[in-house]
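Engineer: Sharing final_10.cif, mmCIF, N, CA, C and O atoms:
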data_final
#
loop_
_atom_site.label_atom_id
_atom_site.label_comp_id
_atom_site.auth_asym_id
_atom_site.auth_seq_id
_atom_site.Cartn_x
_atom_site.Cartn_y
_atom_site.Cartn_z
N LYS A 380 7.52 15.45 0.48
CA LYS A 380 6.35 15.31 1.32
C LYS A 380 5.82 16.69 1.66
O LYS A 380 6.56 17.56 2.11
N THR A 381 4.52 16.87 1.42
CA THR A 381 3.82 18.09 1.81
C THR A 381 2.51 17.65 2.46
O THR A 381 2.22 16.46 2.52
N THR A 382 1.70 18.58 2.90
CA THR A 382 0.40 18.19 3.44
C THR A 382 -0.54 17.71 2.32
O THR A 382 -1.47 16.98 2.58
N ALA A 383 -0.24 18.09 1.08
CA ALA A 383 -1.08 17.68 -0.06
C ALA A 383 -0.83 16.23 -0.44
O ALA A 383 -1.78 15.51 -0.78
N CYS A 384 0.44 15.79 -0.39
CA CYS A 384 0.73 14.41 -0.76
C CYS A 384 2.11 14.01 -0.27
O CYS A 384 2.92 14.85 0.09
N GLU A 385 2.35 12.70 -0.26
CA GLU A 385 3.68 12.18 0.01
C GLU A 385 3.95 11.06 -0.99
O GLU A 385 3.03 10.36 -1.41
N VAL A 386 5.21 10.94 -1.38
CA VAL A 386 5.62 9.94 -2.37
C VAL A 386 6.80 9.18 -1.80
O VAL A 386 7.72 9.78 -1.24
N ALA A 387 6.78 7.85 -1.94
CA ALA A 387 7.89 7.03 -1.46
C ALA A 387 8.20 5.95 -2.49
O ALA A 387 7.29 5.35 -3.06
N CYS A 388 9.48 5.72 -2.71
CA CYS A 388 9.95 4.60 -3.51
C CYS A 388 10.48 3.57 -2.52
O CYS A 388 11.36 3.89 -1.71
N LYS A 389 9.91 2.36 -2.55
CA LYS A 389 10.27 1.34 -1.58
C LYS A 389 10.80 0.10 -2.30
O LYS A 389 10.31 -0.26 -3.37
N HIS A 390 11.78 -0.53 -1.67
CA HIS A 390 12.38 -1.75 -2.20
C HIS A 390 12.15 -2.88 -1.21
O HIS A 390 12.36 -2.70 -0.01
N TYR A 391 11.71 -4.03 -1.71
CA TYR A 391 11.40 -5.18 -0.87
C TYR A 391 12.12 -6.42 -1.37
O TYR A 391 12.19 -6.64 -2.58
N ASP A 392 12.62 -7.23 -0.46
CA ASP A 392 13.15 -8.54 -0.82
C ASP A 392 11.98 -9.52 -0.93
O ASP A 392 10.91 -9.29 -0.35
N ALA A 393 12.17 -10.60 -1.66
CA ALA A 393 11.13 -11.63 -1.77
C ALA A 393 10.73 -12.11 -0.38
O ALA A 393 11.59 -12.33 0.48
N GLY A 394 9.43 -12.21 -0.15
CA GLY A 394 8.92 -12.66 1.14
C GLY A 394 8.63 -11.55 2.13
O GLY A 394 7.96 -11.78 3.14
N ALA A 395 9.11 -10.33 1.86
CA ALA A 395 8.81 -9.21 2.76
C ALA A 395 7.30 -8.96 2.77
O ALA A 395 6.63 -9.11 1.75
N ALA A 396 6.78 -8.60 3.94
CA ALA A 396 5.33 -8.42 4.06
C ALA A 396 5.01 -7.27 5.00
O ALA A 396 5.80 -6.91 5.86
N GLU A 397 3.83 -6.72 4.80
CA GLU A 397 3.26 -5.71 5.70
C GLU A 397 1.89 -6.21 6.12
O GLU A 397 1.12 -6.70 5.31
N ALA A 398 1.60 -6.07 7.40
CA ALA A 398 0.31 -6.50 7.93
C ALA A 398 -0.81 -5.63 7.36
O ALA A 398 -0.58 -4.50 6.92
N ALA A 399 -2.02 -6.17 7.40
CA ALA A 399 -3.18 -5.44 6.92
C ALA A 399 -3.32 -4.12 7.68
O ALA A 399 -3.14 -4.06 8.90
N HIS A 400 -3.62 -3.07 6.92
CA HIS A 400 -3.81 -1.75 7.52
C HIS A 400 -4.80 -0.97 6.66
O HIS A 400 -5.13 -1.37 5.54
N VAL A 401 -5.24 0.15 7.19
CA VAL A 401 -6.17 1.01 6.49
C VAL A 401 -5.80 2.46 6.74
O VAL A 401 -5.26 2.80 7.79
N HIS A 402 -6.07 3.30 5.74
CA HIS A 402 -5.94 4.75 5.90
C HIS A 402 -7.35 5.30 5.97
O HIS A 402 -8.18 4.97 5.11
N ARG A 403 -7.63 6.08 6.96
CA ARG A 403 -9.00 6.62 7.11
C ARG A 403 -9.21 7.91 6.34
O ARG A 403 -10.35 8.26 6.04
N ILE A 404 -8.12 8.61 6.01
CA ILE A 404 -8.24 9.90 5.33
C ILE A 404 -7.63 9.86 3.93
O ILE A 404 -8.23 10.35 2.98
N ALA A 405 -6.45 9.27 3.80
CA ALA A 405 -5.71 9.33 2.54
C ALA A 405 -6.15 8.28 1.53
O ALA A 405 -6.52 7.17 1.89
N THR A 406 -6.07 8.66 0.26
CA THR A 406 -6.14 7.72 -0.85
C THR A 406 -4.70 7.31 -1.13
O THR A 406 -3.80 8.15 -1.14
N GLU A 407 -4.48 6.01 -1.36
CA GLU A 407 -3.13 5.51 -1.62
C GLU A 407 -3.05 4.90 -3.00
O GLU A 407 -3.87 4.05 -3.35
N LEU A 408 -2.10 5.36 -3.79
CA LEU A 408 -1.83 4.81 -5.12
C LEU A 408 -0.51 4.07 -5.05
O LEU A 408 0.49 4.63 -4.59
N THR A 409 -0.48 2.82 -5.49
CA THR A 409 0.76 2.04 -5.48
C THR A 409 1.06 1.57 -6.90
O THR A 409 0.25 0.89 -7.52
N LEU A 410 2.23 1.95 -7.40
CA LEU A 410 2.73 1.47 -8.67
C LEU A 410 3.72 0.36 -8.39
O LEU A 410 4.66 0.54 -7.61
N ILE A 411 3.52 -0.79 -9.00
CA ILE A 411 4.50 -1.86 -8.93
C ILE A 411 5.50 -1.56 -10.06
O ILE A 411 5.22 -1.81 -11.23
N ALA A 412 6.64 -0.98 -9.69
CA ALA A 412 7.63 -0.58 -10.69
C ALA A 412 8.40 -1.78 -11.21
O ALA A 412 8.77 -1.83 -12.39
N ALA A 413 8.64 -2.75 -10.33
CA ALA A 413 9.34 -3.98 -10.71
C ALA A 413 8.95 -5.07 -9.73
O ALA A 413 8.70 -4.79 -8.56
N GLY A 414 8.88 -6.30 -10.20
CA GLY A 414 8.57 -7.42 -9.31
C GLY A 414 7.11 -7.84 -9.34
O GLY A 414 6.34 -7.41 -10.21
N ARG A 415 6.75 -8.66 -8.35
CA ARG A 415 5.38 -9.15 -8.21
C ARG A 415 5.02 -9.16 -6.74
O ARG A 415 5.84 -9.52 -5.89
N VAL A 416 3.76 -8.82 -6.44
CA VAL A 416 3.27 -8.77 -5.07
C VAL A 416 1.86 -9.35 -4.99
O VAL A 416 1.19 -9.50 -6.02
N THR A 417 1.43 -9.65 -3.76
CA THR A 417 0.01 -9.90 -3.52
C THR A 417 -0.49 -8.83 -2.57
O THR A 417 0.20 -8.45 -1.62
N MET A 418 -1.67 -8.34 -2.86
CA MET A 418 -2.37 -7.38 -2.01
C MET A 418 -3.83 -7.83 -1.98
O MET A 418 -4.43 -8.00 -3.04
N ASN A 419 -4.35 -8.07 -0.80
CA ASN A 419 -5.74 -8.51 -0.66
C ASN A 419 -6.04 -9.76 -1.49
O ASN A 419 -7.11 -9.89 -2.08
N GLY A 420 -5.06 -10.67 -1.56
CA GLY A 420 -5.28 -11.93 -2.25
C GLY A 420 -5.15 -11.88 -3.75
O GLY A 420 -5.33 -12.89 -4.43
N ARG A 421 -4.86 -10.69 -4.30
CA ARG A 421 -4.69 -10.55 -5.75
C ARG A 421 -3.21 -10.36 -6.06
O ARG A 421 -2.50 -9.72 -5.29
N THR A 422 -2.77 -10.87 -7.19
CA THR A 422 -1.39 -10.74 -7.60
C THR A 422 -1.26 -9.60 -8.61
O THR A 422 -2.06 -9.48 -9.54
N TYR A 423 -0.23 -8.78 -8.40
CA TYR A 423 0.06 -7.64 -9.28
C TYR A 423 1.51 -7.72 -9.71
O TYR A 423 2.36 -8.24 -8.98
N GLY A 424 1.80 -7.18 -10.90
CA GLY A 424 3.16 -7.19 -11.41
C GLY A 424 3.57 -5.83 -11.95
O GLY A 424 2.80 -4.86 -11.90
N ALA A 425 4.78 -5.78 -12.47
CA ALA A 425 5.35 -4.54 -12.98
C ALA A 425 4.38 -3.81 -13.90
O ALA A 425 3.81 -4.41 -14.81
N GLY A 426 4.19 -2.53 -13.62
CA GLY A 426 3.29 -1.70 -14.42
C GLY A 426 1.89 -1.57 -13.84
O GLY A 426 1.14 -0.67 -14.23
N ASP A 427 1.51 -2.44 -12.93
CA ASP A 427 0.18 -2.35 -12.32
C ASP A 427 0.11 -1.20 -11.34
O ASP A 427 1.08 -0.91 -10.62
N ILE A 428 -1.04 -0.54 -11.31
CA ILE A 428 -1.30 0.54 -10.36
C ILE A 428 -2.52 0.15 -9.54
O ILE A 428 -3.57 -0.18 -10.10
N ILE A 429 -2.37 0.18 -8.22
CA ILE A 429 -3.45 -0.19 -7.30
C ILE A 429 -3.90 1.08 -6.60
O ILE A 429 -3.08 1.82 -6.06
N VAL A 430 -5.22 1.34 -6.62
CA VAL A 430 -5.79 2.52 -5.95
C VAL A 430 -6.59 2.04 -4.75
O VAL A 430 -7.52 1.24 -4.90
N LEU A 431 -6.22 2.52 -3.57
CA LEU A 431 -6.94 2.20 -2.34
C LEU A 431 -7.59 3.47 -1.82
O LEU A 431 -6.91 4.45 -1.50
N GLU A 432 -8.90 3.45 -1.75
CA GLU A 432 -9.64 4.61 -1.25
C GLU A 432 -9.61 4.62 0.28
O GLU A 432 -9.38 3.57 0.91
N PRO A 433 -9.87 5.77 0.91
CA PRO A 433 -9.92 5.80 2.38
C PRO A 433 -10.88 4.74 2.90
O PRO A 433 -11.97 4.55 2.36
N GLY A 434 -10.44 4.02 3.93
CA GLY A 434 -11.27 2.98 4.54
C GLY A 434 -11.13 1.61 3.90
O GLY A 434 -11.67 0.63 4.39
N GLU A 435 -10.39 1.52 2.79
CA GLU A 435 -10.19 0.24 2.11
C GLU A 435 -8.89 -0.39 2.62
O GLU A 435 -7.80 0.12 2.38
N ALA A 436 -9.01 -1.50 3.32
CA ALA A 436 -7.84 -2.15 3.93
C ALA A 436 -7.05 -2.95 2.92
O ALA A 436 -7.59 -3.39 1.90
N THR A 437 -5.76 -3.12 3.20
CA THR A 437 -4.92 -3.98 2.37
C THR A 437 -3.79 -4.58 3.18
O THR A 437 -3.40 -4.04 4.21
N ASP A 438 -3.32 -5.73 2.72
CA ASP A 438 -2.08 -6.31 3.21
C ASP A 438 -1.13 -6.32 2.03
O ASP A 438 -1.49 -5.87 0.93
N PHE A 439 0.10 -6.79 2.23
CA PHE A 439 1.11 -6.73 1.17
C PHE A 439 2.13 -7.82 1.39
O PHE A 439 2.60 -8.03 2.50
N ARG A 440 2.50 -8.51 0.30
CA ARG A 440 3.60 -9.48 0.36
C ARG A 440 4.32 -9.44 -0.99
O ARG A 440 3.69 -9.55 -2.05
N ALA A 441 5.64 -9.29 -0.93
CA ALA A 441 6.46 -9.32 -2.14
C ALA A 441 6.74 -10.77 -2.49
O ALA A 441 7.26 -11.53 -1.69
N LEU A 442 6.36 -11.18 -3.69
CA LEU A 442 6.57 -12.54 -4.16
C LEU A 442 7.98 -12.73 -4.71
O LEU A 442 8.45 -13.86 -4.82
N GLU A 443 8.60 -11.64 -5.07
CA GLU A 443 9.97 -11.62 -5.56
C GLU A 443 10.55 -10.25 -5.24
O GLU A 443 9.83 -9.40 -4.71
N LYS A 444 11.80 -10.03 -5.53
CA LYS A 444 12.38 -8.71 -5.29
C LYS A 444 11.52 -7.67 -6.01
O LYS A 444 11.25 -7.81 -7.21
N THR A 445 11.08 -6.65 -5.27
CA THR A 445 10.07 -5.73 -5.78
C THR A 445 10.41 -4.28 -5.44
O THR A 445 10.94 -4.00 -4.37
N THR A 446 10.07 -3.39 -6.37
CA THR A 446 10.16 -1.95 -6.13
C THR A 446 8.78 -1.36 -6.36
O THR A 446 8.13 -1.65 -7.37
N THR A 447 8.32 -0.55 -5.40
CA THR A 447 7.04 0.14 -5.53
C THR A 447 7.25 1.64 -5.42
O THR A 447 8.22 2.11 -4.82
N VAL A 448 6.32 2.38 -6.00
CA VAL A 448 6.24 3.83 -5.79
C VAL A 448 4.84 4.06 -5.22
O VAL A 448 3.84 3.69 -5.84
N VAL A 449 4.79 4.64 -4.01
CA VAL A 449 3.53 4.83 -3.31
C VAL A 449 3.27 6.33 -3.16
O VAL A 449 4.14 7.08 -2.74
N VAL A 450 2.04 6.74 -3.52
CA VAL A 450 1.61 8.13 -3.37
C VAL A 450 0.41 8.14 -2.44
O VAL A 450 -0.55 7.40 -2.68
N LYS A 451 0.48 8.95 -1.39
CA LYS A 451 -0.67 9.11 -0.49
C LYS A 451 -1.13 10.56 -0.54
O LYS A 451 -0.33 11.48 -0.43
N MET A 452 -2.46 10.72 -0.72
CA MET A 452 -3.05 12.06 -0.82
C MET A 452 -4.28 12.15 0.07
O MET A 452 -5.18 11.32 -0.10
N PRO A 453 -4.37 13.07 0.99
CA PRO A 453 -3.30 13.96 1.42
C PRO A 453 -2.33 13.21 2.33
O PRO A 453 -2.57 12.08 2.72
N SER A 454 -1.23 13.89 2.68
CA SER A 454 -0.28 13.34 3.63
C SER A 454 -0.75 13.70 5.04
O SER A 454 -0.81 14.87 5.39
N VAL A 455 -1.13 12.68 5.80
CA VAL A 455 -1.66 12.90 7.15
C VAL A 455 -0.87 12.05 8.13
O VAL A 455 -0.92 10.82 8.06
N LEU A 456 -0.13 12.69 9.02
CA LEU A 456 0.67 11.98 10.01
C LEU A 456 -0.22 11.07 10.85
O LEU A 456 -1.26 11.48 11.35
N GLY A 457 0.17 9.80 10.97
CA GLY A 457 -0.56 8.85 11.81
C GLY A 457 -1.77 8.21 11.16
O GLY A 457 -2.52 7.49 11.82
N ASP A 458 -1.99 8.45 9.86
CA ASP A 458 -3.18 7.89 9.19
C ASP A 458 -2.91 6.49 8.65
O ASP A 458 -3.07 6.20 7.46
N LYS A 459 -2.47 5.60 9.53
CA LYS A 459 -2.25 4.19 9.18
C LYS A 459 -2.67 3.37 10.38
O LYS A 459 -2.07 3.47 11.44
N TYR A 460 -3.73 2.58 10.22
CA TYR A 460 -4.32 1.84 11.33
C TYR A 460 -4.29 0.35 11.04
O TYR A 460 -4.71 -0.08 9.97
N PRO A 461 -3.78 -0.46 11.97
CA PRO A 461 -3.76 -1.91 11.77
C PRO A 461 -5.18 -2.46 11.72
O PRO A 461 -6.08 -1.94 12.37
N VAL A 462 -5.35 -3.52 10.95
CA VAL A 462 -6.64 -4.19 10.81
C VAL A 462 -6.44 -5.65 11.17
O VAL A 462 -5.50 -6.29 10.68
N THR A 463 -7.31 -6.18 12.02
CA THR A 463 -7.25 -7.60 12.35
C THR A 463 -8.39 -8.30 11.63
O THR A 463 -9.41 -7.70 11.30
N ALA A 464 -8.23 -9.59 11.36
CA ALA A 464 -9.23 -10.37 10.63
C ALA A 464 -10.60 -10.23 11.28
O ALA A 464 -10.73 -10.33 12.50
N GLY A 465 -11.59 -9.97 10.46
CA GLY A 465 -12.96 -9.87 10.94
C GLY A 465 -13.33 -8.53 11.53
O GLY A 465 -14.47 -8.28 11.85
N GLU A 466 -12.35 -7.63 11.66
CA GLU A 466 -12.63 -6.32 12.24
C GLU A 466 -13.23 -5.41 11.18
O GLU A 466 -12.75 -5.35 10.06
N PRO A 467 -14.30 -4.68 11.52
CA PRO A 467 -14.86 -3.74 10.53
C PRO A 467 -13.88 -2.61 10.27
O PRO A 467 -13.13 -2.21 11.15
N GLN A 468 -13.88 -2.13 9.06
CA GLN A 468 -13.00 -1.04 8.68
C GLN A 468 -13.68 0.24 9.02
O GLN A 468 -13.33 1.28 8.98
#
What do you get writing this file as structure tokens?

Structural biologist:
Amino acid sequence: KTTACEVACKHYDAGAAEAAHVHRIATELTLIAAGRVTMNGRTYGAGDIIVLEPGEATDFRALEKTTTVVVKMPSVLGDKYPVTAGEPQ
């Protein structure tokens, strides 16, 4: 982790979920290294790369045991904001 970027490898059990959130500054790249997930109502599987631009909200649910690699650029402490249904981003 530097101010330029941060990288995380995350492991999820089937059914694990993260509430909708948005990054206002960072671009987030998510590689589905193994497994299947839903993000924003779309299903992704091993090898898929999802790019979320600043201000683009997403939720997350692992449909099966899943491993992701997430890159955020730049790395900004506190740049993760919860989003509630119907709330403008």

Engineer: State, in Å with one decimal place, the distance from atom CA of A:Val455 to atom CA of A:Gly414.

Structural biologist: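 Taking atom CA of A:Val455 as the start and atom CA of A:Gly414 as the end point, the length is 28.1 Å.
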
Engineer: Which neighbours of stretch 432-439 of chain A fall inside 5 Å, counting only N, CA, C and O atoms, when residues of the same chain fewer than 4 positions from it are skipped, and could you give them as a ChimeraX atom specification?

Structural biologist: /A:395-406,417-419,468

Engineer: Kindly save the residues from that selection, with N, CA, C and O atoms included, as a PDB file, in the coordinates of the input.

Structural biologist:
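To be explicit, this is the file written out as part.pdb:
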ATOM      1  N   ALA A 395       9.110 -10.330   1.860  1.00  0.00           N
ATOM      2  CA  ALA A 395       8.810  -9.210   2.760  1.00  0.00           C
ATOM      3  C   ALA A 395       7.300  -8.960   2.770  1.00  0.00           C
ATOM      4  O   ALA A 395       6.630  -9.110   1.750  1.00  0.00           O
ATOM      5  N   ALA A 396       6.780  -8.600   3.940  1.00  0.00           N
ATOM      6  CA  ALA A 396       5.330  -8.420   4.060  1.00  0.00           C
ATOM      7  C   ALA A 396       5.010  -7.270   5.000  1.00  0.00           C
ATOM      8  O   ALA A 396       5.800  -6.910   5.860  1.00  0.00           O
ATOM      9  N   GLU A 397       3.830  -6.720   4.800  1.00  0.00           N
ATOM     10  CA  GLU A 397       3.260  -5.710   5.700  1.00  0.00           C
ATOM     11  C   GLU A 397       1.890  -6.210   6.120  1.00  0.00           C
ATOM     12  O   GLU A 397       1.120  -6.700   5.310  1.00  0.00           O
ATOM     13  N   ALA A 398       1.600  -6.070   7.400  1.00  0.00           N
ATOM     14  CA  ALA A 398       0.310  -6.500   7.930  1.00  0.00           C
ATOM     15  C   ALA A 398      -0.810  -5.630   7.360  1.00  0.00           C
ATOM     16  O   ALA A 398      -0.580  -4.500   6.920  1.00  0.00           O
ATOM     17  N   ALA A 399      -2.020  -6.170   7.400  1.00  0.00           N
ATOM     18  CA  ALA A 399      -3.180  -5.440   6.920  1.00  0.00           C
ATOM     19  C   ALA A 399      -3.320  -4.120   7.680  1.00  0.00           C
ATOM     20  O   ALA A 399      -3.140  -4.060   8.900  1.00  0.00           O
ATOM     21  N   HIS A 400      -3.620  -3.070   6.920  1.00  0.00           N
ATOM     22  CA  HIS A 400      -3.810  -1.750   7.520  1.00  0.00           C
ATOM     23  C   HIS A 400      -4.800  -0.970   6.660  1.00  0.00           C
ATOM     24  O   HIS A 400      -5.130  -1.370   5.540  1.00  0.00           O
ATOM     25  N   VAL A 401      -5.240   0.150   7.190  1.00  0.00           N
ATOM     26  CA  VAL A 401      -6.170   1.010   6.490  1.00  0.00           C
ATOM     27  C   VAL A 401      -5.800   2.460   6.740  1.00  0.00           C
ATOM     28  O   VAL A 401      -5.260   2.800   7.790  1.00  0.00           O
ATOM     29  N   HIS A 402      -6.070   3.300   5.740  1.00  0.00           N
ATOM     30  CA  HIS A 402      -5.940   4.750   5.900  1.00  0.00           C
ATOM     31  C   HIS A 402      -7.350   5.300   5.970  1.00  0.00           C
ATOM     32  O   HIS A 402      -8.180   4.970   5.110  1.00  0.00           O
ATOM     33  N   ARG A 403      -7.630   6.080   6.960  1.00  0.00           N
ATOM     34  CA  ARG A 403      -9.000   6.620   7.110  1.00  0.00           C
ATOM     35  C   ARG A 403      -9.210   7.910   6.340  1.00  0.00           C
ATOM     36  O   ARG A 403     -10.350   8.260   6.040  1.00  0.00           O
ATOM     37  N   ILE A 404      -8.120   8.610   6.010  1.00  0.00           N
ATOM     38  CA  ILE A 404      -8.240   9.900   5.330  1.00  0.00           C
ATOM     39  C   ILE A 404      -7.630   9.860   3.930  1.00  0.00           C
ATOM     40  O   ILE A 404      -8.230  10.350   2.980  1.00  0.00           O
ATOM     41  N   ALA A 405      -6.450   9.270   3.800  1.00  0.00           N
ATOM     42  CA  ALA A 405      -5.710   9.330   2.540  1.00  0.00           C
ATOM     43  C   ALA A 405      -6.150   8.280   1.530  1.00  0.00           C
ATOM     44  O   ALA A 405      -6.520   7.170   1.890  1.00  0.00           O
ATOM     45  N   THR A 406      -6.070   8.660   0.260  1.00  0.00           N
ATOM     46  CA  THR A 406      -6.140   7.720  -0.850  1.00  0.00           C
ATOM     47  C   THR A 406      -4.700   7.310  -1.130  1.00  0.00           C
ATOM     48  O   THR A 406      -3.800   8.150  -1.140  1.00  0.00           O
ATOM     49  N   THR A 417       1.430  -9.650  -3.760  1.00  0.00           N
ATOM     50  CA  THR A 417       0.010  -9.900  -3.520  1.00  0.00           C
ATOM     51  C   THR A 417      -0.490  -8.830  -2.570  1.00  0.00           C
ATOM     52  O   THR A 417       0.200  -8.450  -1.620  1.00  0.00           O
ATOM     53  N   MET A 418      -1.670  -8.340  -2.860  1.00  0.00           N
ATOM     54  CA  MET A 418      -2.370  -7.380  -2.010  1.00  0.00           C
ATOM     55  C   MET A 418      -3.830  -7.830  -1.980  1.00  0.00           C
ATOM     56  O   MET A 418      -4.430  -8.000  -3.040  1.00  0.00           O
ATOM     57  N   ASN A 419      -4.350  -8.070  -0.800  1.00  0.00           N
ATOM     58  CA  ASN A 419      -5.740  -8.510  -0.660  1.00  0.00           C
ATOM     59  C   ASN A 419      -6.040  -9.760  -1.490  1.00  0.00           C
ATOM     60  O   ASN A 419      -7.110  -9.890  -2.080  1.00  0.00           O
ATOM     61  N   GLN A 468     -13.880  -2.130   9.060  1.00  0.00           N
ATOM     62  CA  GLN A 468     -13.000  -1.040   8.680  1.00  0.00           C
ATOM     63  C   GLN A 468     -13.680   0.240   9.020  1.00  0.00           C
ATOM     64  O   GLN A 468     -13.330   1.280   8.980  1.00  0.00           O
TER      65      GLN A 468
END

Engineer: Set the distance at 12 Å and use only C-alpha atoms: which residues neighbour stretch 408-413 of chain A once local chain neighbours fewer than 4 positions away are removed? I'd like the list as a PyMOL selection string.

Structural biologist: chain A and resi 384-393+402+417-418+422-433+435+437+439+441-453

Engineer: Could you write out, as JSON, numbers by chain, all the residues of chain A that DSSP marks as strand (DSSP E)?

Structural biologist: {"A": [385, 386, 387, 388, 389, 390, 391, 396, 397, 398, 399, 400, 401, 406, 407, 408, 409, 410, 411, 412, 413, 415, 416, 417, 418, 421, 422, 423, 424, 428, 429, 430, 431, 437, 438, 439, 440, 441, 445, 446, 447, 448, 449, 450, 451, 452, 460, 461]}

Engineer: Could you tell me how far atom N of A:Tyr460 sits from atom CA of A:Gly420, in Å to one decimal place?

Structural biologist: 19.2 Å
